[in-house]
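Peer 1: Contents of data39.txt (compact mmCIF, C-alpha atoms) are given next:
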# COMPACT_ATOMS: atom_id res chain seq x y z
CA GLU A 109 0.00 0.00 0.00
CA GLY A 110 1.28 3.47 -0.84
CA CYS A 111 3.50 2.08 -3.62
CA PHE A 112 2.95 3.61 -7.05
CA SER A 113 4.43 2.57 -10.37
CA ARG A 114 4.28 3.43 -14.04
CA GLN A 115 3.36 1.39 -17.10
CA HIS A 116 4.35 2.84 -20.47
CA LEU A 117 1.81 2.71 -23.31
CA THR A 118 4.18 0.58 -25.37
CA ASP A 119 4.14 -2.11 -22.68
CA ARG A 120 0.65 -3.25 -23.61
CA ARG A 121 -0.08 -5.80 -26.31
CA CYS A 122 -2.91 -3.84 -27.94
CA LYS A 123 -1.25 -2.04 -30.88
CA THR A 124 -4.48 -0.33 -31.92
CA CYS A 125 -4.79 1.42 -28.54
CA THR A 126 -3.16 4.82 -28.98
CA MET A 127 -4.46 6.24 -25.69
CA ILE A 128 -4.06 4.50 -22.33
CA HIS A 129 -7.76 4.90 -21.50
CA ALA A 130 -8.50 2.57 -24.42
CA PHE A 131 -6.60 -0.15 -22.56
CA THR A 132 -7.69 0.34 -18.94
CA CYS A 133 -9.39 2.80 -16.59
CA ILE A 134 -8.91 4.36 -13.14
CA GLY A 135 -9.77 1.96 -10.35
CA ARG A 136 -9.36 -1.18 -12.41
CA ASP A 137 -7.14 -3.97 -11.05
CA ILE A 138 -4.60 -5.28 -13.55
CA TRP A 139 -1.80 -7.84 -13.40
CA SER A 140 1.66 -6.68 -14.43
CA ILE A 141 5.34 -7.59 -14.27
CA ASN A 142 7.93 -5.50 -12.46
CA GLN A 143 10.45 -4.59 -15.16
CA ALA A 144 12.70 -2.12 -13.39
CA GLN A 145 13.14 -0.36 -10.04
CA ASP A 146 14.71 2.97 -9.15
CA ARG A 147 15.12 3.04 -5.37
CA GLU A 148 16.45 6.60 -5.30
CA GLU A 149 13.53 7.94 -7.33
CA ARG A 150 11.19 5.43 -5.61
CA LYS A 151 9.78 4.31 -8.96
CA MET A 152 8.95 1.02 -10.59
CA SER A 153 8.30 0.32 -14.28
CA LEU A 154 5.70 -2.33 -14.99
CA GLY A 155 4.65 -4.26 -18.09
CA VAL A 156 1.46 -6.07 -19.00
CA LYS A 157 2.28 -7.52 -22.42
CA GLN A 158 5.12 -9.47 -20.80
CA LEU A 159 2.51 -11.63 -19.01
CA THR A 160 1.72 -13.39 -22.28
CA PRO A 161 4.06 -15.01 -24.83
CA ASP A 162 5.48 -12.71 -27.49
CA PRO A 163 3.44 -13.45 -30.64
CA TRP A 164 6.50 -12.67 -32.75
CA GLU A 165 8.36 -15.67 -31.32
CA GLY A 166 8.39 -18.24 -34.11
CA ILE A 167 6.78 -15.78 -36.53
CA ASP A 168 8.54 -17.37 -39.52
CA GLU A 169 6.91 -20.73 -38.86
CA LYS A 170 3.47 -19.39 -37.96
CA TYR A 171 3.26 -16.91 -40.85
CA ALA A 172 5.51 -18.36 -43.50
CA ILE A 173 6.08 -16.45 -46.74
CA ASP A 174 3.31 -17.21 -49.30
CA SER A 175 1.05 -18.74 -46.63
CA LYS A 176 -2.62 -17.67 -46.47
CA HIS A 177 -4.37 -16.33 -43.37
CA LYS A 178 -7.52 -14.49 -42.34
CA GLY A 179 -7.46 -11.23 -40.40
CA LYS A 180 -9.57 -8.22 -39.45
CA VAL A 181 -9.27 -4.80 -41.11
CA THR A 182 -8.32 -2.30 -38.38
CA ASN A 183 -7.55 0.81 -40.43
CA ILE A 184 -7.60 2.12 -44.00
CA SER A 185 -5.30 4.83 -45.37
CA ASP A 186 -4.69 6.32 -48.80
CA PHE A 187 -1.81 3.91 -49.38
CA GLY A 188 -3.23 0.66 -48.06
CA VAL A 189 -5.16 -1.52 -45.63
CA PHE A 190 -4.00 -2.49 -42.13
CA VAL A 191 -5.00 -6.01 -41.11
CA ALA A 192 -4.65 -7.63 -37.66
CA LEU A 193 -3.97 -11.36 -37.83
CA GLU A 194 -3.87 -11.78 -34.06
CA SER A 195 -3.21 -9.61 -31.01
CA GLY A 196 0.22 -8.05 -31.51
CA VAL A 197 0.62 -9.22 -35.11
CA ASP A 198 -0.62 -7.00 -37.93
CA GLY A 199 0.41 -6.05 -41.42
CA LEU A 200 -0.20 -3.78 -44.38
CA ILE A 201 -1.72 -4.53 -47.76
CA HIS A 202 -0.33 -1.85 -50.06
CA ILE A 203 -2.88 -0.42 -52.49
CA SER A 204 -0.87 -1.88 -55.38
CA ASP A 205 -1.43 -5.37 -53.93
CA LEU A 206 -5.24 -5.15 -53.87
CA SER A 207 -5.97 -5.95 -57.52
CA TRP A 208 -4.13 -7.26 -60.56
CA SER A 209 -6.14 -5.33 -63.11
CA LYS A 210 -8.65 -2.95 -61.50
CA LYS A 211 -7.61 0.68 -61.12
CA ILE A 212 -8.16 1.48 -57.44
CA SER A 213 -8.22 5.12 -56.35
CA HIS A 214 -8.67 4.34 -52.65
CA PRO A 215 -8.57 1.06 -50.67
CA SER A 216 -12.09 1.75 -49.34
CA GLU A 217 -13.32 0.63 -52.77
CA ILE A 218 -12.30 -2.92 -51.80
CA THR A 219 -12.97 -3.20 -48.06
CA LYS A 220 -13.87 -1.35 -44.87
CA VAL A 221 -12.81 -1.33 -41.20
CA GLY A 222 -14.14 -4.40 -39.40
CA ASP A 223 -14.19 -6.64 -42.48
CA GLU A 224 -12.51 -10.01 -42.43
CA MET A 225 -9.97 -10.44 -45.23
CA GLU A 226 -7.96 -13.38 -46.43
CA VAL A 227 -4.37 -12.39 -47.17
CA VAL A 228 -1.06 -13.80 -48.34
CA ILE A 229 2.18 -13.20 -46.42
CA LEU A 230 4.61 -11.41 -48.75
CA GLU A 231 7.36 -10.22 -46.39
CA ILE A 232 8.25 -10.28 -42.70
CA ASP A 233 9.81 -7.15 -41.16
CA ARG A 234 11.09 -8.32 -37.78
CA ASP A 235 12.72 -5.00 -36.86
CA ASN A 236 9.45 -3.07 -37.16
CA ARG A 237 7.34 -6.10 -36.21
CA ARG A 238 5.14 -5.74 -39.27
CA LEU A 239 4.07 -7.99 -42.11
CA SER A 240 3.70 -7.07 -45.77
CA LEU A 241 0.47 -8.65 -46.95
CA GLY A 242 -1.08 -9.29 -50.34
CA TYR A 243 -4.70 -9.62 -51.45
CA LYS A 244 -4.45 -9.94 -55.21
CA GLN A 245 -1.92 -12.74 -54.71
CA LEU A 246 -4.79 -15.01 -53.60
CA GLU A 247 -5.37 -15.45 -57.34
CA ASP A 248 -2.97 -16.25 -60.14
CA ASN A 249 -1.59 -13.29 -62.04
CA PRO A 250 -4.10 -12.90 -64.90
CA TRP A 251 -1.58 -10.89 -66.91
CA GLU A 252 0.09 -14.18 -67.75
CA THR A 253 -3.11 -15.07 -69.62
CA TYR A 254 -3.72 -11.54 -70.94
CA GLU A 255 -0.36 -11.76 -72.70
CA THR A 256 -1.81 -14.42 -75.02
CA VAL A 257 -5.16 -12.60 -75.48
CA PHE A 258 -4.16 -8.98 -76.04
CA THR A 259 -1.34 -9.59 -78.44
CA GLU A 260 0.12 -6.60 -80.25
CA GLY A 261 -1.74 -6.04 -83.51
CA SER A 262 -4.89 -7.84 -82.38
CA ILE A 263 -8.34 -6.21 -82.61
CA GLN A 264 -10.29 -5.98 -79.34
CA ALA A 265 -13.80 -4.74 -78.57
CA GLY A 266 -13.97 -2.14 -75.82
CA THR A 267 -16.05 0.57 -74.16
CA VAL A 268 -14.84 4.05 -73.26
CA SER A 269 -15.09 4.29 -69.47
CA GLU A 270 -13.15 7.48 -68.71
CA ILE A 271 -11.57 10.48 -70.40
CA THR A 272 -8.93 12.12 -68.25
CA ALA A 273 -8.12 15.82 -67.94
CA LYS A 274 -4.89 15.14 -69.85
CA GLY A 275 -6.84 13.81 -72.81
CA LEU A 276 -6.17 10.11 -72.26
CA THR A 277 -9.05 7.78 -73.01
CA ILE A 278 -9.52 4.78 -70.71
CA VAL A 279 -11.16 1.79 -72.35
CA THR A 280 -12.61 -1.29 -70.64
CA LEU A 281 -11.76 -4.43 -72.60
CA GLU A 282 -12.59 -8.11 -72.19
CA HIS A 283 -12.10 -9.54 -68.66
CA GLY A 284 -12.56 -6.02 -67.27
CA VAL A 285 -9.02 -5.05 -68.25
CA GLU A 286 -8.38 -1.37 -68.89
CA GLY A 287 -6.45 -0.04 -71.85
CA ILE A 288 -5.19 3.47 -72.61
CA VAL A 289 -5.77 5.38 -75.85
CA THR A 290 -3.57 8.44 -76.31
CA LYS A 291 -5.14 11.64 -77.62
CA ARG A 292 -3.56 11.28 -81.08
CA ASN A 293 -5.04 7.77 -81.36
CA ALA A 294 -8.52 8.76 -80.14
CA GLU A 295 -9.71 10.13 -83.50
CA LYS A 296 -12.18 7.92 -85.36
CA GLU A 297 -12.40 7.36 -89.12
CA ASP A 298 -15.11 10.02 -89.51
CA GLY A 299 -12.90 12.65 -87.85
CA SER A 300 -14.78 12.69 -84.53
CA PHE A 301 -13.16 11.77 -81.24
CA LEU A 302 -13.99 9.06 -78.79
CA LYS A 303 -16.53 9.97 -76.12
CA MET A 304 -17.88 8.35 -72.98
CA ASP A 305 -19.64 4.98 -73.42
CA ASP A 306 -18.56 4.59 -77.06
CA LYS A 307 -18.36 0.89 -77.98
CA VAL A 308 -15.81 0.38 -80.73
CA ASP A 309 -13.03 -1.95 -81.84
CA PHE A 310 -9.47 -1.09 -80.87
CA LYS A 311 -6.10 -2.29 -82.12
CA VAL A 312 -3.51 -3.24 -79.51
CA VAL A 313 -0.37 -1.24 -80.31
CA GLU A 314 1.55 -2.14 -77.15
CA PHE A 315 1.26 -4.72 -74.37
CA ASN A 316 3.49 -4.43 -71.27
CA LYS A 317 3.00 -7.28 -68.82
CA ASN A 318 5.44 -5.97 -66.22
CA ALA A 319 3.87 -2.49 -66.15
CA LYS A 320 0.38 -4.04 -66.50
CA LYS A 321 -0.37 -1.66 -69.32
CA ILE A 322 -2.16 -2.00 -72.66
So that I can check it, write out the structure of this file as structure tokens.
Peer 2:
Amino acid sequence: EGCFSRQHLTDRRCKTCTMIHAFTCIGRDIWSINQAQDREERKMSLGVKQLTPDPWEGIDEKYAIDSKHKGKVTNISDFGVFVALESGVDGLIHISDLSWSKKISHPSEITKVGDEMEVVILEIDRDNRRLSLGYKQLEDNPWETYETVFTEGSIQAGTVSEITAKGLTIVTLEHGVEGIVTKRNAEKEDGSFLKMDDKVDFKVVEFNKNAKKI
């Protein structure tokens, strides 16, 4: 009685708790481990996460590269989706790893906070205790197939789905794949230019599998 101690916010297992009141409250009894003592300052430093095993022990075996797991979406940013696989283990799906072919402006087009997502482990960052996750990798890369379909010189039916401020015309082709028509190639035989929702045939002048660009 009369002995007070301090627990730092980083000494709790809940990584999504950014304020201590999200973890506990005044008057609540909690178990903790004495981590350090300063007799002169009459202080003790306590930890709660140390009461349970470190989930990052054996992380390579539990979450092996290319293995599939299910997790819960905890946050969404402009650059990706944060997914918690278990308490103390979370990772990021970069926006570029959400779809092989669909143009995604924001990750919220694919998921929302609270959703369960199946993911693939791409990389393990032990220093920062974070995983790089993939979503599109749950399926085979369709661009391997597209390479045989959208061959250079082939004629493909498409629909104009967008015309950008820079004058580029975006066309939706078979399989939902998007192609780009430059302004100088957007003029039709009658001298008019492509407009929204036009359905016409296009000739593939370039196919770049690595850049995922037609």
Peer 1: From the options A:Glu224, A:Gly242, A:Pro163, A:Lys211, which residue's atoms come nearest to Gly188 in chain A, counting all atoms listed in the file?
Peer 2: A:Gly242
Peer 1: May I have the residues within 9 Å of range 255-260 of chain A as a JSON list (two decimals) with C-alpha atoms, in the coordinates of the input, using only C-alpha atoms and disregarding those fewer than 2 positions away in the same chain?
Peer 2:
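part22.json, written as the output of this step:
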[["chain", "number", "residue", "atom", "x", "y", "z"],
["A", 250, "PRO", "CA", -4.10, -12.90, -64.90],
["A", 251, "TRP", "CA", -1.58, -10.89, -66.91],
["A", 252, "GLU", "CA", 0.09, -14.18, -67.75],
["A", 253, "THR", "CA", -3.11, -15.07, -69.62],
["A", 262, "SER", "CA", -4.89, -7.84, -82.38],
["A", 263, "ILE", "CA", -8.34, -6.21, -82.61],
["A", 264, "GLN", "CA", -10.29, -5.98, -79.34],
["A", 311, "LYS", "CA", -6.10, -2.29, -82.12],
["A", 312, "VAL", "CA", -3.51, -3.24, -79.51],
["A", 313, "VAL", "CA", -0.37, -1.24, -80.31],
["A", 314, "GLU", "CA", 1.55, -2.14, -77.15],
["A", 315, "PHE", "CA", 1.26, -4.72, -74.37],
["A", 316, "ASN", "CA", 3.49, -4.43, -71.27],
["A", 317, "LYS", "CA", 3.00, -7.28, -68.82],
["A", 322, "ILE", "CA", -2.16, -2.00, -72.66]]
Peer 1: Using Å and a single decimal, report how far CA of Ala319 in chain A sits from CA of Ile271 in chain A.
Peer 2: 20.6 Å
Peer 1: Just checking: using all atoms listed in the file, which residue out of A:Lys291, A:Lys303, A:His202, A:Lys320 ends up closest to Asn249 in chain A?
Peer 2: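 Answer, going by the shortest atom-to-atom distance: A:Lys320.
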Peer 1: Can you tell me, as a PyMOL selection string, what residues are no more than 12 Å from Glu169 in chain A when counting only C-alpha atoms, ignoring any on the same chain fewer than 6 positions away?
Peer 2: chain A and resi 163+175+229+232
Peer 1: Name the closest residue to Val279 in chain A among the candidates A:Asp248, A:Asp174, A:Asp233, A:Asp305; distances are taken between atoms, counting only C-alpha atoms.
Peer 2: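 Selected residue with least distance to Val279 in chain A: A:Asp305.
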Peer 1: Just the number, please: distance in Å from CA of His214 in chain A to CA of Glu270 in chain A, one decimal.
Peer 2: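 One can read the CA of His214 in chain A to CA of Glu270 in chain A distance as 17.0 Å.
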Peer 1: Can you work out the spacing between CA of Trp164 in chain A and CA of Leu193 in chain A in Å, to one decimal?
Peer 2: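 Atom-to-atom, CA of Trp164 in chain A to CA of Leu193 in chain A, that is 11.7 Å.
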Peer 1: With all atoms listed in the file counted, which protein, DNA or RNA residues have an atom no more than 10 Å from (-12.1, -4.6, -72.5) in the file frame? Please answer as a short mmCIF file (atom, residue, chain, number, x, y, z; two decimals) with C-alpha atoms, keeping the file's coordinate frame.
Peer 2:
data_model
loop_
_atom_site.label_atom_id
_atom_site.label_comp_id
_atom_site.auth_asym_id
_atom_site.auth_seq_id
_atom_site.Cartn_x
_atom_site.Cartn_y
_atom_site.Cartn_z
CA PHE A 258 -4.16 -8.98 -76.04
CA GLN A 264 -10.29 -5.98 -79.34
CA ALA A 265 -13.80 -4.74 -78.57
CA GLY A 266 -13.97 -2.14 -75.82
CA THR A 267 -16.05 0.57 -74.16
CA VAL A 268 -14.84 4.05 -73.26
CA SER A 269 -15.09 4.29 -69.47
CA ILE A 278 -9.52 4.78 -70.71
CA VAL A 279 -11.16 1.79 -72.35
CA THR A 280 -12.61 -1.29 -70.64
CA LEU A 281 -11.76 -4.43 -72.60
CA GLU A 282 -12.59 -8.11 -72.19
CA HIS A 283 -12.10 -9.54 -68.66
CA GLY A 284 -12.56 -6.02 -67.27
CA VAL A 285 -9.02 -5.05 -68.25
CA GLU A 286 -8.38 -1.37 -68.89
CA GLY A 287 -6.45 -0.04 -71.85
CA LYS A 307 -18.36 0.89 -77.98
CA ASP A 309 -13.03 -1.95 -81.84
CA PHE A 310 -9.47 -1.09 -80.87
#
Peer 1: Residues within 8 Å of Thr290 in chain A, please, as a PyMOL selection string. Count only C-alpha atoms; anything in the same chain fewer than 6 positions from it doesn't count.
Peer 2: chain A and resi 275-277
Peer 1: Which residues, written as a list in words, have at least one atom at most 10 Å from Val197 in chain A, with all atoms listed in the file counted and residues fewer than 4 positions away on the same chain left out?
Peer 2: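 Here the qualifying residues turn out to be Arg121, Cys122, Lys123, Asp162, Pro163, Trp164, Ile167, Tyr171, Gly179, Val191, Ala192, Leu193, Arg237, Arg238 and Leu239 of chain A.
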Peer 1: Between A:Val228, A:Met304, A:Val189, A:Val289, single out the one closest to Ile173 in chain A, counting all atoms listed in the file.
Peer 2: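 Of A:Val228, A:Met304, A:Val189, A:Val289, the one nearest Ile173 in chain A is A:Val228, counting all atoms listed in the file.
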Peer 1: I'd like to know which of A:Lys220, A:Lys180, A:Arg292, A:Lys274 is closest to Asp198 in chain A, using all atoms listed in the file.
Peer 2: A:Lys180
